[in-house]
Amino acid sequence: MSTLDNMAYASNERRNQNIMKLRQAFNDEKYNTISQAAKGMGYTYQTVKKWAIDGDIPLLDENGTSIVKITEDNQRKVNEKRRIEHINKLNEIFHKKEAITVSACASKLGYPEETIISWAKQGEIPLLMANNELVVPFNEYNRPYWLDSDDFL
């Protein structure tokens with residue numbers, strides 16, 4: 001094998017690794033759009049789009065349309081155990097008052113706001129959205145203790 005062949009092989013191997021990382025992050029709900037993946041992975045929009053097409057990963061484009069046809073084989077395969085861990089962590093930081101808004105939780109956990117909203121709904125966590133409405137209403141189980149304390153504000 002020539003040096004050029006070795007370089008081509010190494011480049012293709014790196015590309016395949018990046019496609020696998022993209023698929024893993026997509027399944028973990030870290031990326032929903034090409035833009036999120038490009039920003040998170042540190043590559044250009046076009047590069048990540050090409051990887052998603054080659055890897056048959058249905059990320060959304062700028063118009064909210066999947067760049068590949070969604071099939072049973074390429075749908076997001078969420079690890080439910082990991083999702084529960086994420087929801088529990090979200091609940092923990094909310095109740096510890098480390099972050100009480102969707103955007104603060106997204107920043108703290110490193111996930112997109114739409115993923116945080118989805119987890120908040122699933123875990124019945126009353127995070128505050130940008131429009132000053134709650135993701136889910138308060139109830140007897142999710143109302144934080146600090147909301148009724150004198151030192152809230």
# chains A, B, ... in the order shown; residues from 1 in each chain; ligands from 1
$ residues_around --residues "Arg83 of chain A" --least-positions-apart "2" --cutoff "12 Å" --atoms "only C-alpha atoms" --output "PDB file with N, CA, C and O atoms, in the first residue's frame"
ATOM      1  N   ASN A  27     -29.334   9.271  18.255  1.00  0.00           N
ATOM      2  CA  ASN A  27     -30.111   8.329  19.075  1.00  0.00           C
ATOM      3  C   ASN A  27     -30.215   8.788  20.521  1.00  0.00           C
ATOM      4  O   ASN A  27     -31.198   8.495  21.199  1.00  0.00           O
ATOM      5  N   ASP A  28     -29.198   9.507  20.996  1.00  0.00           N
ATOM      6  CA  ASP A  28     -29.191  10.009  22.378  1.00  0.00           C
ATOM      7  C   ASP A  28     -29.977  11.320  22.504  1.00  0.00           C
ATOM      8  O   ASP A  28     -29.996  11.923  23.568  1.00  0.00           O
ATOM      9  N   GLU A  29     -30.601  11.775  21.421  1.00  0.00           N
ATOM     10  CA  GLU A  29     -31.423  12.988  21.379  1.00  0.00           C
ATOM     11  C   GLU A  29     -30.610  14.268  21.539  1.00  0.00           C
ATOM     12  O   GLU A  29     -31.128  15.304  21.898  1.00  0.00           O
ATOM     13  N   LYS A  30     -29.313  14.177  21.281  1.00  0.00           N
ATOM     14  CA  LYS A  30     -28.448  15.348  21.393  1.00  0.00           C
ATOM     15  C   LYS A  30     -28.600  16.261  20.178  1.00  0.00           C
ATOM     16  O   LYS A  30     -28.485  17.468  20.301  1.00  0.00           O
ATOM     17  N   LYS A  77     -33.323   5.445  17.694  1.00  0.00           N
ATOM     18  CA  LYS A  77     -33.440   4.316  18.609  1.00  0.00           C
ATOM     19  C   LYS A  77     -32.928   4.776  19.968  1.00  0.00           C
ATOM     20  O   LYS A  77     -31.738   4.718  20.247  1.00  0.00           O
ATOM     21  N   VAL A  78     -33.854   5.241  20.782  1.00  0.00           N
ATOM     22  CA  VAL A  78     -33.501   5.831  22.069  1.00  0.00           C
ATOM     23  C   VAL A  78     -33.279   4.723  23.095  1.00  0.00           C
ATOM     24  O   VAL A  78     -34.078   3.799  23.211  1.00  0.00           O
ATOM     25  N   ASN A  79     -32.200   4.851  23.819  1.00  0.00           N
ATOM     26  CA  ASN A  79     -31.937   3.959  24.944  1.00  0.00           C
ATOM     27  C   ASN A  79     -32.787   4.471  26.110  1.00  0.00           C
ATOM     28  O   ASN A  79     -32.510   5.539  26.664  1.00  0.00           O
ATOM     29  N   GLU A  80     -33.833   3.743  26.450  1.00  0.00           N
ATOM     30  CA  GLU A  80     -34.776   4.201  27.485  1.00  0.00           C
ATOM     31  C   GLU A  80     -34.094   4.405  28.835  1.00  0.00           C
ATOM     32  O   GLU A  80     -34.464   5.307  29.588  1.00  0.00           O
ATOM     33  N   LYS A  81     -33.120   3.596  29.143  1.00  0.00           N
ATOM     34  CA  LYS A  81     -32.397   3.762  30.407  1.00  0.00           C
ATOM     35  C   LYS A  81     -31.675   5.116  30.433  1.00  0.00           C
ATOM     36  O   LYS A  81     -31.734   5.834  31.420  1.00  0.00           O
ATOM     37  N   GLU A  85     -32.336   8.425  32.790  1.00  0.00           N
ATOM     38  CA  GLU A  85     -31.230   9.091  33.497  1.00  0.00           C
ATOM     39  C   GLU A  85     -31.245  10.589  33.209  1.00  0.00           C
ATOM     40  O   GLU A  85     -31.052  11.412  34.109  1.00  0.00           O
ATOM     41  N   HIS A  86     -31.461  10.947  31.946  1.00  0.00           N
ATOM     42  CA  HIS A  86     -31.507  12.362  31.565  1.00  0.00           C
ATOM     43  C   HIS A  86     -32.689  13.070  32.230  1.00  0.00           C
ATOM     44  O   HIS A  86     -32.549  14.200  32.728  1.00  0.00           O
ATOM     45  N   ILE A  87     -33.842  12.438  32.245  1.00  0.00           N
ATOM     46  CA  ILE A  87     -35.030  13.034  32.872  1.00  0.00           C
ATOM     47  C   ILE A  87     -34.794  13.203  34.371  1.00  0.00           C
ATOM     48  O   ILE A  87     -35.133  14.248  34.943  1.00  0.00           O
ATOM     49  N   ASN A  88     -34.190  12.214  35.004  1.00  0.00           N
ATOM     50  CA  ASN A  88     -33.892  12.315  36.439  1.00  0.00           C
ATOM     51  C   ASN A  88     -32.901  13.443  36.720  1.00  0.00           C
ATOM     52  O   ASN A  88     -33.056  14.179  37.702  1.00  0.00           O
ATOM     53  N   LYS A  89     -31.894  13.590  35.869  1.00  0.00           N
ATOM     54  CA  LYS A  89     -30.927  14.675  36.029  1.00  0.00           C
ATOM     55  C   LYS A  89     -31.609  16.029  35.844  1.00  0.00           C
ATOM     56  O   LYS A  89     -31.369  16.977  36.598  1.00  0.00           O
ATOM     57  N   LEU A  90     -32.484  16.116  34.850  1.00  0.00           N
ATOM     58  CA  LEU A  90     -33.241  17.347  34.610  1.00  0.00           C
ATOM     59  C   LEU A  90     -34.094  17.688  35.829  1.00  0.00           C
ATOM     60  O   LEU A  90     -34.124  18.842  36.277  1.00  0.00           O
ATOM     61  N   THR A 115     -35.450  18.943  22.966  1.00  0.00           N
ATOM     62  CA  THR A 115     -35.232  17.694  23.704  1.00  0.00           C
ATOM     63  C   THR A 115     -35.545  17.913  25.183  1.00  0.00           C
ATOM     64  O   THR A 115     -36.201  17.079  25.816  1.00  0.00           O
ATOM     65  N   ILE A 116     -35.110  19.041  25.727  1.00  0.00           N
ATOM     66  CA  ILE A 116     -35.381  19.366  27.135  1.00  0.00           C
ATOM     67  C   ILE A 116     -36.887  19.461  27.365  1.00  0.00           C
ATOM     68  O   ILE A 116     -37.412  18.931  28.356  1.00  0.00           O
ATOM     69  N   SER A 118     -39.248  17.978  25.652  1.00  0.00           N
ATOM     70  CA  SER A 118     -39.781  16.614  25.566  1.00  0.00           C
ATOM     71  C   SER A 118     -39.554  15.858  26.881  1.00  0.00           C
ATOM     72  O   SER A 118     -40.459  15.207  27.403  1.00  0.00           O
ATOM     73  N   TRP A 119     -38.345  15.947  27.412  1.00  0.00           N
ATOM     74  CA  TRP A 119     -38.046  15.271  28.688  1.00  0.00           C
ATOM     75  C   TRP A 119     -38.869  15.858  29.823  1.00  0.00           C
ATOM     76  O   TRP A 119     -39.334  15.137  30.696  1.00  0.00           O
ATOM     77  N   ALA A 120     -39.032  17.187  29.825  1.00  0.00           N
ATOM     78  CA  ALA A 120     -39.819  17.838  30.885  1.00  0.00           C
ATOM     79  C   ALA A 120     -41.263  17.345  30.847  1.00  0.00           C
ATOM     80  O   ALA A 120     -41.873  17.107  31.895  1.00  0.00           O
ATOM     81  N   GLN A 122     -42.292  14.425  29.638  1.00  0.00           N
ATOM     82  CA  GLN A 122     -42.295  13.024  30.047  1.00  0.00           C
ATOM     83  C   GLN A 122     -42.122  12.876  31.561  1.00  0.00           C
ATOM     84  O   GLN A 122     -42.717  11.990  32.167  1.00  0.00           O
ATOM     85  N   GLY A 123     -41.299  13.742  32.144  1.00  0.00           N
ATOM     86  CA  GLY A 123     -41.037  13.671  33.582  1.00  0.00           C
ATOM     87  C   GLY A 123     -41.917  14.588  34.410  1.00  0.00           C
ATOM     88  O   GLY A 123     -41.732  14.701  35.620  1.00  0.00           O
TER      89      GLY A 123
END
$ select_by_dssp --residues "segment 4-59 of chain A" --states "alpha helix (DSSP H)" --output "PyMOL selection string"
chain A and resi 4-27+34-41+45-54
$ closest_residue --among "A:Leu147, A:Leu22, A:Val48, A:Ile53" --to "Arg76 of chain A" --atoms "only C-alpha atoms"
A:Leu22
$ closest_residue --among "A:Tyr141, A:Trp51, A:Trp146, A:Tyr43" --to "Phe94 of chain A" --atoms "only C-alpha atoms"
A:Trp146
$ closest_residue --among "A:Ile34, A:Val136, A:Leu59, A:Leu127" --to "Ala106 of chain A" --atoms "only C-alpha atoms"
A:Leu127
$ select_by_dssp --residues "chain A" --states "strand (DSSP E or B)" --output "list in words"
Thr33, Leu60, Ser66, Thr101, Leu128 and Leu134 of chain A
$ residues_around --residues "Pro137 of chain A" --least-positions-apart "6" --cutoff "12 Å" --atoms "only C-alpha atoms" --output "count of residues only"
11
$ residues_around --residues "Asp61 of chain A" --least-positions-apart "5" --cutoff "9 Å" --atoms "only C-alpha atoms" --output "PyMOL selection string"
chain A and resi 33-35+49+66-67
$ write_last_selection --atoms "N, CA, C and O atoms" --output "compact mmCIF listing (two decimals), in the first residue's frame"
# COMPACT_ATOMS: atom_id res chain seq x y z
N THR A 33 -31.28 18.43 14.44
CA THR A 33 -31.12 19.14 13.16
C THR A 33 -29.66 19.07 12.70
O THR A 33 -28.75 18.83 13.50
N ILE A 34 -29.48 19.33 11.42
CA ILE A 34 -28.13 19.38 10.86
C ILE A 34 -27.34 20.51 11.53
O ILE A 34 -26.18 20.34 11.88
N SER A 35 -27.98 21.65 11.74
CA SER A 35 -27.31 22.79 12.36
C SER A 35 -26.80 22.47 13.76
O SER A 35 -25.69 22.83 14.12
N LYS A 49 -24.31 17.31 6.81
CA LYS A 49 -25.43 16.89 5.96
C LYS A 49 -25.03 15.69 5.11
O LYS A 49 -25.78 14.71 5.01
N SER A 66 -36.87 16.19 7.08
CA SER A 66 -35.84 15.17 7.18
C SER A 66 -35.06 15.09 5.88
O SER A 66 -35.65 15.09 4.80
N ILE A 67 -33.74 14.99 5.97
CA ILE A 67 -32.92 14.98 4.75
C ILE A 67 -32.87 13.61 4.10
O ILE A 67 -32.43 13.48 2.96
$ atom_distance --atom1 "atom CA of Pro58 of chain A" --atom2 "atom CA of Gln24 of chain A"
12.5 Å
